[in-house]
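Colleague: Below you'll find the structure I mean.
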Amino acid sequence: MPARFSAGMLVLLSASSLSGCGGGGSAPSAPLPNPVPTIAAVSPNNATRGGPAFTLTVNGSNFVSGAAVQWNGSSRPTTLVNGSQVTAQIAADDISVAGTDAVTVFNPAPGGGNSNSATFTVPCVIASTGPASGQTGARLGAYYFDGWSGPLTNFHFKGMPNGPYQDREPLSGWQDNNNCAVEQQLAWAHSFGIDFFVFDWYFNTAVTDPGEDLNSALKITHALPDRHGMQYAILYVDSPPFVIGPADWAGAMNEWVGYMTDPAYIQVNGKPLLHIIDMGQMRQAFGSATAVNGALNQLRAAAQARGLAGVYMVGGFGVPDGSSGQDGLFPDLTMAFVDGYDAVSLYGYPFAPPAINGMLPFSSLSGAGEWIWSQGVLKSPVPFIPVSMTGWDPRPWDEREFLTNDLMWFSRSPQDVTTFVSNAITWAESNPQLRAEPSPVPPIVLMEAWNELGEGSYITPTVGDGSSYGDSLAAMLAAPPIHSRAVLTLSDSGPADPNRNASGKLADAAGAPISGVTIALSDTPASGVFEQYQLSGQPLAAATQAVVGFRVNIEGAGPEPSDFSLYQASYIQTADGIERVVNGDFSLGAQSWSLGGQAQLTPSDRGAGQMVQVLATPSQTAALTSAAFTLTSGAAFQVSFSGRVAPSSRGSGYFTVIFLGGGTKISRQEIPLTAGKLTFGTTSTDVGGNYQFGLTALGISQVILEATYAGDAQHWPAYARVTP
């Protein structure tokens, strides 16, 4: 059969034949260049800060194979749908910071290039003010732990972002190293009724913790143009390795004063507020009470040089190792007066009975706080700022009790925390003699803490709790006050007036007189008055013996002048009532006693017998120690000292009971040397709220006068004091 060919086949054969015979051919044509892509729209075009990863759809034209969606110039995993649509995977980290992000599409070569830019917005959603924002029930502050600026692998995030406590993530994100995160927390706090943050401040963090800036949120707050109604202060965390010594003090002072000149920096009595977390550590760093006093005065002078009135200094005790109250005892706070602090407060106090593992009720935590406040009433020589903890649950960080190595935490609810804060405000109002600022200014109350996430003391809105803790607090603070604040004045016409009198006025915060109520007056002579100084408790089980006595200008006391007399010392176990101090009334002279320094036995000025008298300058010491006596292990006790202490002895020393085990000191309980007072009398206010006492019975004596109003169903208590 003859072959059959189509025309096309003939052409192909002819071309092949020619080529095979050495004929020339044309080169392949170059591929066409890729076009420049164009974006018409992106979807979505916004996202919530801190939200999850998502798929971004980009619509436009001229998208080709190999096209890549870019987020602020960096490529993201991209899928080509067709020439007019691509999708990309956007990670959660891409929307972790508020702001405006640029979306572009890049087509590869040949040709190609970048498209126009589309805008993607991550807004910073700021809470609006609420009814609690203008509350006047307290000047309410919250400690702010500034340790969340590093990478999520930093040890501060242990157990949380990728652990079992992920629900503690703040709604503002784990990290607060950007303006939005800090602004959100400032606005939330203000909407809840909080007035100021007290930022933990750390020295030399670039060396001690190079992984993050532990002062990041403070710096951001200082730089923000809008603090959303919040003020702030600094808490110097003088714990190793952040301790400042004399050589570095000037540099720290200058940094602090730079913050203090900010109008948003909170002031107390017209002075910027500074907290120091540990008074004891300050003494160790500077070497003596005199050196600490000098350092604090240097800071005051530096502030005055910048046009400020000074600095209101708050000294801390019971540092966050749980030491305060661990053995049922309370620290001596006289160092606050001696070292030159204006007030005292503390940070956390997560102590519990020994050998406790697991969860405890919140009432154990709040009860501990209320016990601390009650001891402050008895033992603080300066104003006392109460602190309520918002929780304690250190399981992420596995923090254990320092004496027992127990891991324990407390249950909590929004109502638990709110009630505790309310009780702190009530305590502050009920003890006006310990107020940092006099009425009618609201009392200062602190919370520990806003964001101690690793230790479970926080109320910042979180993934797990939402804003429930803050909302509960706001509801309490926005409620109408149950009492009105009262203002009491007092004056003494003086010893030179033959018709000497004390007078004053009681009014409410608006100035309206409070009539027909009782005012009580007490007086403290310059020489002091006879007083019974008592304390009770239960020693540690290891204690088998004890001694009693006093210390003046040694062992943590002074230096201050001291003028007092001791007539009798007693130690009784409540179960048997047996007196254990031998020769406790000094009827046998110095038998069974060791006297040192300015402690001298003299005839008693209260009748027959003898007393121990101390007249010491700040550079002189005095000590008295009884012979050791035997205890019943763990038995409850009551110790008392009968004495006369002049007001000038304030801060010079203390009466003490020292517990021993195997001849070694185990613990010590102290009663500061404070002057007693005499009840002068009571009177009633007239229709104008005025009152008066005749003081002719006092003659020309120099006395401290104190007037008190106990309060009633409508008014908080009030207090006034005048000194010679």
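Following the order of the structure tokens, first chain is A, next is B, and so on, with residues numbered from 1 inside each chain and ligands from 1 in the order they appear.
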Identify, on the basis of only C-alpha atoms, every residue whose closest approach to Gly50 of chain A does not exceed 9 Å; exclude the query and any residue fewer than 4 positions from it along the same chain; express the result as a PDB file with N, CA and C atoms, in the first residue's frame.

Modeller:
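Wrote out-v1.pdb, looks like this:
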ATOM      1  N   ALA A  92       0.871  33.574  65.170  1.00  0.00           N
ATOM      2  CA  ALA A  92       0.396  34.364  66.312  1.00  0.00           C
ATOM      3  C   ALA A  92       1.410  35.430  66.697  1.00  0.00           C
ATOM      4  N   ASP A  93       2.700  35.122  66.548  1.00  0.00           N
ATOM      5  CA  ASP A  93       3.723  36.110  66.886  1.00  0.00           C
ATOM      6  C   ASP A  93       3.632  37.350  66.022  1.00  0.00           C
ATOM      7  N   ASP A  94       3.088  37.207  64.795  1.00  0.00           N
ATOM      8  CA  ASP A  94       2.984  38.351  63.895  1.00  0.00           C
ATOM      9  C   ASP A  94       1.996  39.391  64.392  1.00  0.00           C
ATOM     10  N   ILE A  95       1.074  38.981  65.252  1.00  0.00           N
ATOM     11  CA  ILE A  95       0.076  39.934  65.745  1.00  0.00           C
ATOM     12  C   ILE A  95       0.174  40.085  67.270  1.00  0.00           C
ATOM     13  N   SER A  96       1.382  39.843  67.798  1.00  0.00           N
ATOM     14  CA  SER A  96       1.570  39.948  69.244  1.00  0.00           C
ATOM     15  C   SER A  96       1.788  41.380  69.700  1.00  0.00           C
ATOM     16  N   VAL A  97       2.071  42.268  68.753  1.00  0.00           N
ATOM     17  CA  VAL A  97       2.307  43.668  69.089  1.00  0.00           C
ATOM     18  C   VAL A  97       1.331  44.528  68.300  1.00  0.00           C
ATOM     19  N   ALA A  98       0.709  45.471  68.995  1.00  0.00           N
ATOM     20  CA  ALA A  98      -0.245  46.359  68.329  1.00  0.00           C
ATOM     21  C   ALA A  98       0.480  47.300  67.376  1.00  0.00           C
ATOM     22  N   LEU A 171      -4.335  38.930  79.140  1.00  0.00           N
ATOM     23  CA  LEU A 171      -5.013  39.246  77.882  1.00  0.00           C
ATOM     24  C   LEU A 171      -4.206  40.235  77.054  1.00  0.00           C
ATOM     25  N   SER A 172      -3.246  40.889  77.660  1.00  0.00           N
ATOM     26  CA  SER A 172      -2.359  41.790  76.931  1.00  0.00           C
ATOM     27  C   SER A 172      -1.146  41.052  76.360  1.00  0.00           C
ATOM     28  N   GLY A 173      -1.068  39.730  76.574  1.00  0.00           N
ATOM     29  CA  GLY A 173       0.060  38.942  76.093  1.00  0.00           C
ATOM     30  C   GLY A 173       1.043  38.656  77.212  1.00  0.00           C
ATOM     31  N   TRP A 174       1.846  37.607  77.022  1.00  0.00           N
ATOM     32  CA  TRP A 174       2.825  37.245  78.042  1.00  0.00           C
ATOM     33  C   TRP A 174       3.821  38.362  78.287  1.00  0.00           C
TER      34      TRP A 174
END

Colleague: As a PyMOL selection string, list the residues of segment 411-578 of chain A assigned to helix (DSSP H, G or I) by DSSP on the backbone atoms of this structure.

Modeller: chain A and resi 414-430+432-434+453-455+468-478

Colleague: Might you pull out every residue within 12 Å of Gly287 of chain A, with only C-alpha atoms counted and same-chain residues fewer than 5 positions away left off, and present them as number ranges by chain?

Modeller: A: 245-246, 279-282, 292-295, 339, 556

Colleague: Please determine, counting only C-alpha atoms, which residue among A:Thr57, A:Pro396, A:Met408, A:Phe196 has the shortest atom-to-atom distance to Pro161 of chain A.

Modeller: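 Smallest separation from Pro161 of chain A among the options: A:Pro396.
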
Colleague: Based on the backbone DSSP call, show me all residues of segment 270-444 of chain A assigned strand (DSSP E), as a VMD selection string.

Modeller: chain A and resid 271 to 276 312 to 317 343 to 346 358 to 360 387 to 389 408 to 410 444

Colleague: Could you turn the residues from that selection into a file that holds N, CA and C atoms, as a JSON list (two decimals), in the first residue's frame?

Modeller:
[["chain", "number", "residue", "atom", "x", "y", "z"],
["A", 271, "LYS", "N", 5.36, 64.74, 98.75],
["A", 271, "LYS", "CA", 6.69, 64.23, 98.44],
["A", 271, "LYS", "C", 6.57, 62.95, 97.61],
["A", 272, "PRO", "N", 7.46, 62.75, 96.63],
["A", 272, "PRO", "CA", 7.40, 61.51, 95.84],
["A", 272, "PRO", "C", 7.65, 60.30, 96.74],
["A", 273, "LEU", "N", 6.96, 59.21, 96.42],
["A", 273, "LEU", "CA", 6.98, 57.99, 97.23],
["A", 273, "LEU", "C", 8.05, 57.03, 96.73],
["A", 274, "LEU", "N", 8.86, 56.49, 97.66],
["A", 274, "LEU", "CA", 9.81, 55.44, 97.31],
["A", 274, "LEU", "C", 9.73, 54.35, 98.36],
["A", 275, "HIS", "N", 9.54, 53.10, 97.91],
["A", 275, "HIS", "CA", 9.57, 51.94, 98.80],
["A", 275, "HIS", "C", 10.93, 51.26, 98.70],
["A", 276, "ILE", "N", 11.43, 50.76, 99.82],
["A", 276, "ILE", "CA", 12.61, 49.92, 99.86],
["A", 276, "ILE", "C", 12.18, 48.59, 100.47],
["A", 312, "TYR", "N", 9.23, 60.73, 100.33],
["A", 312, "TYR", "CA", 8.54, 59.99, 101.39],
["A", 312, "TYR", "C", 9.00, 58.55, 101.31],
["A", 313, "MET", "N", 9.77, 58.13, 102.32],
["A", 313, "MET", "CA", 10.47, 56.85, 102.27],
["A", 313, "MET", "C", 9.71, 55.79, 103.08],
["A", 314, "VAL", "N", 9.40, 54.67, 102.44],
["A", 314, "VAL", "CA", 8.71, 53.56, 103.10],
["A", 314, "VAL", "C", 9.66, 52.38, 103.20],
["A", 315, "GLY", "N", 9.92, 51.92, 104.42],
["A", 315, "GLY", "CA", 10.81, 50.79, 104.63],
["A", 315, "GLY", "C", 10.03, 49.49, 104.70],
["A", 316, "GLY", "N", 10.57, 48.44, 104.11],
["A", 316, "GLY", "CA", 9.89, 47.15, 104.07],
["A", 316, "GLY", "C", 10.45, 46.17, 105.09],
["A", 317, "PHE", "N", 9.58, 45.30, 105.56],
["A", 317, "PHE", "CA", 9.98, 44.21, 106.45],
["A", 317, "PHE", "C", 9.27, 42.96, 106.00],
["A", 343, "ALA", "N", 7.63, 55.72, 106.91],
["A", 343, "ALA", "CA", 6.56, 54.75, 107.15],
["A", 343, "ALA", "C", 7.11, 53.36, 106.91],
["A", 344, "VAL", "N", 6.33, 52.34, 107.26],
["A", 344, "VAL", "CA", 6.70, 50.96, 106.99],
["A", 344, "VAL", "C", 5.58, 50.25, 106.24],
["A", 345, "SER", "N", 5.96, 49.22, 105.51],
["A", 345, "SER", "CA", 5.01, 48.37, 104.82],
["A", 345, "SER", "C", 5.73, 47.06, 104.52],
["A", 346, "LEU", "N", 5.20, 46.26, 103.63],
["A", 346, "LEU", "CA", 5.83, 45.00, 103.28],
["A", 346, "LEU", "C", 5.36, 44.57, 101.90],
["A", 358, "GLY", "N", 0.31, 21.33, 99.86],
["A", 358, "GLY", "CA", -0.98, 21.37, 99.20],
["A", 358, "GLY", "C", -1.70, 22.68, 99.39],
["A", 359, "MET", "N", -2.99, 22.66, 99.13],
["A", 359, "MET", "CA", -3.78, 23.88, 99.10],
["A", 359, "MET", "C", -4.38, 24.19, 100.47],
["A", 360, "LEU", "N", -4.38, 25.48, 100.81],
["A", 360, "LEU", "CA", -5.01, 25.99, 102.02],
["A", 360, "LEU", "C", -6.12, 26.95, 101.64],
["A", 387, "VAL", "N", -1.02, 45.93, 103.51],
["A", 387, "VAL", "CA", -0.93, 45.23, 102.22],
["A", 387, "VAL", "C", -1.86, 44.03, 102.27],
["A", 388, "SER", "N", -2.65, 43.86, 101.23],
["A", 388, "SER", "CA", -3.46, 42.65, 101.08],
["A", 388, "SER", "C", -2.94, 41.88, 99.88],
["A", 389, "MET", "N", -2.71, 40.59, 100.07],
["A", 389, "MET", "CA", -2.24, 39.76, 98.97],
["A", 389, "MET", "C", -3.42, 39.33, 98.11],
["A", 408, "MET", "N", 3.12, 24.87, 99.06],
["A", 408, "MET", "CA", 1.73, 25.09, 99.43],
["A", 408, "MET", "C", 1.21, 26.34, 98.72],
["A", 409, "TRP", "N", -0.09, 26.37, 98.56],
["A", 409, "TRP", "CA", -0.75, 27.48, 97.89],
["A", 409, "TRP", "C", -2.13, 27.66, 98.50],
["A", 410, "PHE", "N", -2.81, 28.73, 98.10],
["A", 410, "PHE", "CA", -4.10, 29.07, 98.67],
["A", 410, "PHE", "C", -5.17, 29.10, 97.58],
["A", 444, "ILE", "N", -3.71, 55.27, 102.18],
["A", 444, "ILE", "CA", -2.97, 54.48, 101.20],
["A", 444, "ILE", "C", -3.08, 53.00, 101.58]]

Colleague: Just the residues within 6 Å of segment 127-141 of chain A, please, counting only C-alpha atoms, with nothing from its chain fewer than 2 positions along; format it as a list in words.

Modeller: Ala187, Trp188, His190, Ser191, Phe192, Gly193, Ile194, Asp195, Phe196, Phe197, Pro442, Pro443, Ile444, Val445, Leu446, Ala474, Leu477 and Ala478 of chain A

Colleague: What's the separation between atom CA of Ser562 of chain A and atom CA of Pro603 of chain A, in Å to one decimal place?

Modeller: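 Going from atom CA of Ser562 of chain A over to atom CA of Pro603 of chain A, I get 18.9 Å.
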
Colleague: Record the distance separating atom CA of Ser594 of chain A and atom CA of Gln545 of chain A, expressed in Å with one decimal.

Modeller: 16.6 Å

Colleague: When you look at Arg580 of chain A with a cut-off of 8 Å (counting only C-alpha atoms), what residues show up, excluding the ones that are within fewer than 3 positions of it in the same chain? I need them as JSON, numbers by chain.

Modeller: {"A": [570, 571, 572, 629, 630]}

Colleague: Please write the residues from the selection above to a file, keeping all heavy atoms, as a PDB file, in the first residue's frame.

Modeller:
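Wrote it out as part-v6.pdb, contents follow:
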ATOM      1  N   SER A 570       8.868  39.276 134.015  1.00  0.00           N
ATOM      2  CA  SER A 570       8.147  38.043 134.338  1.00  0.00           C
ATOM      3  C   SER A 570       7.983  37.178 133.101  1.00  0.00           C
ATOM      4  O   SER A 570       7.786  37.702 131.991  1.00  0.00           O
ATOM      5  CB  SER A 570       6.770  38.399 134.914  1.00  0.00           C
ATOM      6  OG  SER A 570       5.949  37.247 135.036  1.00  0.00           O
ATOM      7  N   TYR A 571       8.075  35.855 133.293  1.00  0.00           N
ATOM      8  CA  TYR A 571       7.769  34.885 132.239  1.00  0.00           C
ATOM      9  C   TYR A 571       6.949  33.779 132.876  1.00  0.00           C
ATOM     10  O   TYR A 571       7.417  33.089 133.782  1.00  0.00           O
ATOM     11  CB  TYR A 571       9.037  34.303 131.626  1.00  0.00           C
ATOM     12  CG  TYR A 571       8.793  33.382 130.441  1.00  0.00           C
ATOM     13  CD1 TYR A 571       9.020  33.816 129.144  1.00  0.00           C
ATOM     14  CD2 TYR A 571       8.326  32.072 130.631  1.00  0.00           C
ATOM     15  CE1 TYR A 571       8.793  32.970 128.057  1.00  0.00           C
ATOM     16  CE2 TYR A 571       8.103  31.229 129.555  1.00  0.00           C
ATOM     17  CZ  TYR A 571       8.331  31.688 128.266  1.00  0.00           C
ATOM     18  OH  TYR A 571       8.103  30.867 127.202  1.00  0.00           O
ATOM     19  N   ILE A 572       5.714  33.616 132.382  1.00  0.00           N
ATOM     20  CA  ILE A 572       4.795  32.622 132.930  1.00  0.00           C
ATOM     21  C   ILE A 572       4.249  31.771 131.792  1.00  0.00           C
ATOM     22  O   ILE A 572       3.828  32.304 130.763  1.00  0.00           O
ATOM     23  CB  ILE A 572       3.632  33.300 133.686  1.00  0.00           C
ATOM     24  CG1 ILE A 572       4.158  34.020 134.927  1.00  0.00           C
ATOM     25  CG2 ILE A 572       2.565  32.280 134.078  1.00  0.00           C
ATOM     26  CD1 ILE A 572       3.107  34.830 135.652  1.00  0.00           C
ATOM     27  N   PHE A 629      16.229  30.045 132.156  1.00  0.00           N
ATOM     28  CA  PHE A 629      15.264  29.215 132.883  1.00  0.00           C
ATOM     29  C   PHE A 629      14.666  28.199 131.923  1.00  0.00           C
ATOM     30  O   PHE A 629      14.647  28.398 130.698  1.00  0.00           O
ATOM     31  CB  PHE A 629      14.173  30.064 133.547  1.00  0.00           C
ATOM     32  CG  PHE A 629      13.559  31.113 132.645  1.00  0.00           C
ATOM     33  CD1 PHE A 629      12.492  30.805 131.809  1.00  0.00           C
ATOM     34  CD2 PHE A 629      14.063  32.418 132.635  1.00  0.00           C
ATOM     35  CE1 PHE A 629      11.929  31.769 130.990  1.00  0.00           C
ATOM     36  CE2 PHE A 629      13.501  33.383 131.811  1.00  0.00           C
ATOM     37  CZ  PHE A 629      12.424  33.064 130.989  1.00  0.00           C
ATOM     38  N   THR A 630      14.161  27.116 132.483  1.00  0.00           N
ATOM     39  CA  THR A 630      13.676  25.989 131.684  1.00  0.00           C
ATOM     40  C   THR A 630      12.238  26.197 131.246  1.00  0.00           C
ATOM     41  O   THR A 630      11.405  26.725 131.991  1.00  0.00           O
ATOM     42  CB  THR A 630      13.780  24.688 132.494  1.00  0.00           C
ATOM     43  OG1 THR A 630      15.137  24.503 132.885  1.00  0.00           O
ATOM     44  CG2 THR A 630      13.323  23.488 131.672  1.00  0.00           C
TER      45      THR A 630
END

Colleague: So, with only C-alpha atoms as the atoms that count, which of A:Gln375, A:Asn583, A:Ser117, A:Ser430 lies closest to Pro331 of chain A?

Modeller: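 Of the candidates, the smallest distance to Pro331 of chain A is held by A:Gln375.
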
Colleague: Which one of A:Gly66, A:Pro432, A:Gly596, A:Gly511 sits closest to Glu706 of chain A if you count only C-alpha atoms?

Modeller: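 Looking only at the distances to Glu706 of chain A, the closest residue turns out to be A:Pro432.
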
Colleague: In terms of the shortest atom-to-atom distance over only C-alpha atoms, which of A:Ile658, A:Val105, A:Leu365, A:Cys124 is closest to Gly391 of chain A?

Modeller: A:Leu365

Colleague: To one decimal place in Å, what is the distance between atom CA of Ala302 of chain A and atom CA of Asp248 of chain A?

Modeller: 14.5 Å

Colleague: Give the answer as one residue: which of A:Lys219, A:His715, A:Lys379, A:Arg650 has the shortest atom-to-atom distance to Gly558 of chain A, using only C-alpha atoms?

Modeller: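 Under the stated criterion, the closest residue is A:Arg650.
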